[in-house]
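Read through the structure below, which is laid out as structure tokens, and then see the notes.
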Amino acid sequence: MTRRSSQPATADAAPLATHARRAIRYILALLTITFAPVTPAAANAPNATLHVALMPDRLNTAATMRYGFTITNADGSVPPPLTRLQLYYPAHFGLITSGLGIASCELENIRELGLEGCPAESLMGHGTAIGAVPFEHETLEESAETFIFMRPFENGRISLALYVEGRTPLATQLAFPATIVPAPRPYGSAISITLPLVRVIPELPPVSITKFQATIGPEGITYYHHTHHKYLAYQPRGIQTPPRCPPHGFPFAAHFTFNDHSERTVATRVRCPR
């Protein structure tokens with residue numbers, strides 16, 4: 001029988017035990033938060049990939065976040081429509097201090113007037129999306145431009161509006177709300193979006209989003225400052241990145257909920273700038 005020593009741990013063993021406990025907590029956090037457990041709903045859900053980049057790729061600077069994801073079925077068929085999307089991003093990313101969305105736009109104005117219904121200073125990002133609809137033995141695809149606007153705060157939370165303008169092959173204009181909500185570690189916040197079911201043709205199934213990419217930041221955005229009876233164009237500052245990077249990079253994730261009640265969570269990390 002081995003006897004346990006009653007002597008206290010040595011000075012060398014104590015830091016080692018501390019680091020081991022931290023490593024275990026970190027691994028458990030990744031298992032329970034970053035990656036969703038494989039449930040029957042997740043197992044039957046479409047496949048998804050997530051791509052995130054920061055431009056410029058530097059610490060402690062004003063940046064633009066680039067998001068992109070794809071959704072596919074393993075058999076090549078059109079995936080079910082997306083009904084909810086949550087995009088998680090790290091803590092200490094300065095969205096409020098970014099200089100973006102210094103004006104706000106009401107959702108009703110966007111729905112009634114489109115882009116003309118919002119001041120330029122409420123635009124926070126833009127991108128593109130591709131939707132697909134099964135039709136007999138083929139797939140119809142529609143491309144659309146997307147725009148992200150600041151809305152008035154709701155219950156103390158940052159509120160956004162996502163405007164989608166389809167042009168080919170059909171003209172479609174949609175606007176729906178999004179909210180910035182708190183997120184568990186290792187994230188700080190999430191953009192939560194509830195998407196309506198959309199039929200471009202009443203007789204066909206709802207549109208399924210298969211590709212999406214967008215920016216949140218000053219890239220491609222121009223604001224105007226009124227001074228001395230004229231408007232001066234300028235580019236907003238951007239999202240302030242933290243001065244330090246986590247050991248494994250900045251964590252991002254996306255949680256997808258589909259119309260058939262299946263769900264999928266994917267995660268990625270943006271490497272630490274050199």
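Ordering of the structure tokens sets the chain letters (A, B, ...), residue numbers begin anew at 1 in every chain, and ligands are numbered from 1 in the order given.
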
Closest pair table for stretch 140-246 of chain A residues within 10 Å of stretch 257-261 of chain A, only C-alpha atoms, as a tab-separated table:
```
residue	atom	partner	partner_atom	distance
A:Thr194	CA	A:Thr257	CA	9.4
A:Leu195	CA	A:Phe258	CA	9.9
A:Pro196	CA	A:Asn259	CA	9.9
A:Leu197	CA	A:Asn259	CA	8.5
A:Pro206	CA	A:Asn259	CA	9.7
A:Ser208	CA	A:Phe258	CA	9.3
```

Check your understanding: Got a sec: who's within 7 Å of A:Gly166, counting only C-alpha atoms, leaving out chain neighbours fewer than 5 positions off, as an MDAnalysis selection string?
Key -> chainID A and resid 142:145 171:173

Practice item. Go ahead and compute the interatomic distance for atom CA of A:Arg185 and atom CA of A:Tyr67, in Å to one decimal. Key: 19.9 Å

Practice item. Could you give me, as JSON, numbers by chain, each residue of stretch 49-205 of chain A that DSSP assigns to helix (DSSP H, G or I) when run on this structure's backbone? Key: {"A": [96, 97, 98, 107, 108, 109, 110, 111, 112, 113, 114, 115, 116, 117, 120, 121, 122]}

Point to revise | Per-residue DSSP, stretch 161-258 of chain A, filtered to strand (DSSP E), as a PyMOL selection string | key: chain A and resi 161-168+172-182+189-194+208-216+223-227+230-234+239-240+250-258

Residues near A:Thr64, anyone? I mean within 6 Å using only C-alpha atoms, not counting same-chain ones fewer than 6 positions away, as a short mmCIF file (atom, residue, chain, number, x, y, z; two decimals) with C-alpha atoms, in the first residue's frame.
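Output file part-v7.cif follows:
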```
data_model
loop_
_atom_site.label_atom_id
_atom_site.label_comp_id
_atom_site.auth_asym_id
_atom_site.auth_seq_id
_atom_site.Cartn_x
_atom_site.Cartn_y
_atom_site.Cartn_z
CA LEU A 54 -10.57 41.46 -38.58
CA MET A 55 -9.44 44.27 -40.86
CA ILE A 216 -19.65 45.44 -39.23
CA GLY A 217 -17.29 48.38 -39.31
#
```

Review point. Quick one: residues within 7 Å of stretch 84-95 of chain A, only C-alpha atoms counted, chain neighbours fewer than 5 positions away excluded, as JSON, numbers by chain?
Key: {"A": [186, 187, 188, 189, 190, 191, 192, 193, 194, 195, 239, 240, 241, 242, 250, 251, 252, 253, 254, 255, 256, 257, 258]}

How would the residues just picked look written out with C-alpha atoms as an mmCIF file, in the first residue's frame?
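Written out: part_24.cif:
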```
data_model
loop_
_atom_site.group_PDB
_atom_site.id
_atom_site.type_symbol
_atom_site.label_atom_id
_atom_site.label_comp_id
_atom_site.auth_asym_id
_atom_site.auth_seq_id
_atom_site.Cartn_x
_atom_site.Cartn_y
_atom_site.Cartn_z
ATOM 1 C CA PRO A 186 -15.595 32.792 -23.704
ATOM 2 C CA TYR A 187 -17.715 35.295 -25.633
ATOM 3 C CA GLY A 188 -18.886 38.740 -24.641
ATOM 4 C CA SER A 189 -21.986 39.437 -26.723
ATOM 5 C CA ALA A 190 -24.042 38.038 -29.587
ATOM 6 C CA ILE A 191 -26.028 39.504 -32.457
ATOM 7 C CA SER A 192 -29.381 37.753 -32.250
ATOM 8 C CA ILE A 193 -31.517 37.769 -35.404
ATOM 9 C CA THR A 194 -34.934 36.203 -35.936
ATOM 10 C CA LEU A 195 -35.615 35.671 -39.638
ATOM 11 C CA ILE A 239 -14.657 48.557 -33.567
ATOM 12 C CA GLN A 240 -11.906 48.892 -30.975
ATOM 13 C CA THR A 241 -10.045 45.605 -30.544
ATOM 14 C CA PRO A 242 -8.519 44.717 -27.155
ATOM 15 C CA PHE A 250 -10.249 35.560 -30.444
ATOM 16 C CA PRO A 251 -13.303 33.234 -30.176
ATOM 17 C CA PHE A 252 -16.276 33.570 -32.528
ATOM 18 C CA ALA A 253 -19.266 31.291 -33.053
ATOM 19 C CA ALA A 254 -22.596 31.047 -34.841
ATOM 20 C CA HIS A 255 -25.711 29.203 -33.717
ATOM 21 C CA PHE A 256 -28.232 28.338 -36.430
ATOM 22 C CA THR A 257 -31.855 27.336 -35.849
ATOM 23 C CA PHE A 258 -33.805 25.985 -38.815
#
```
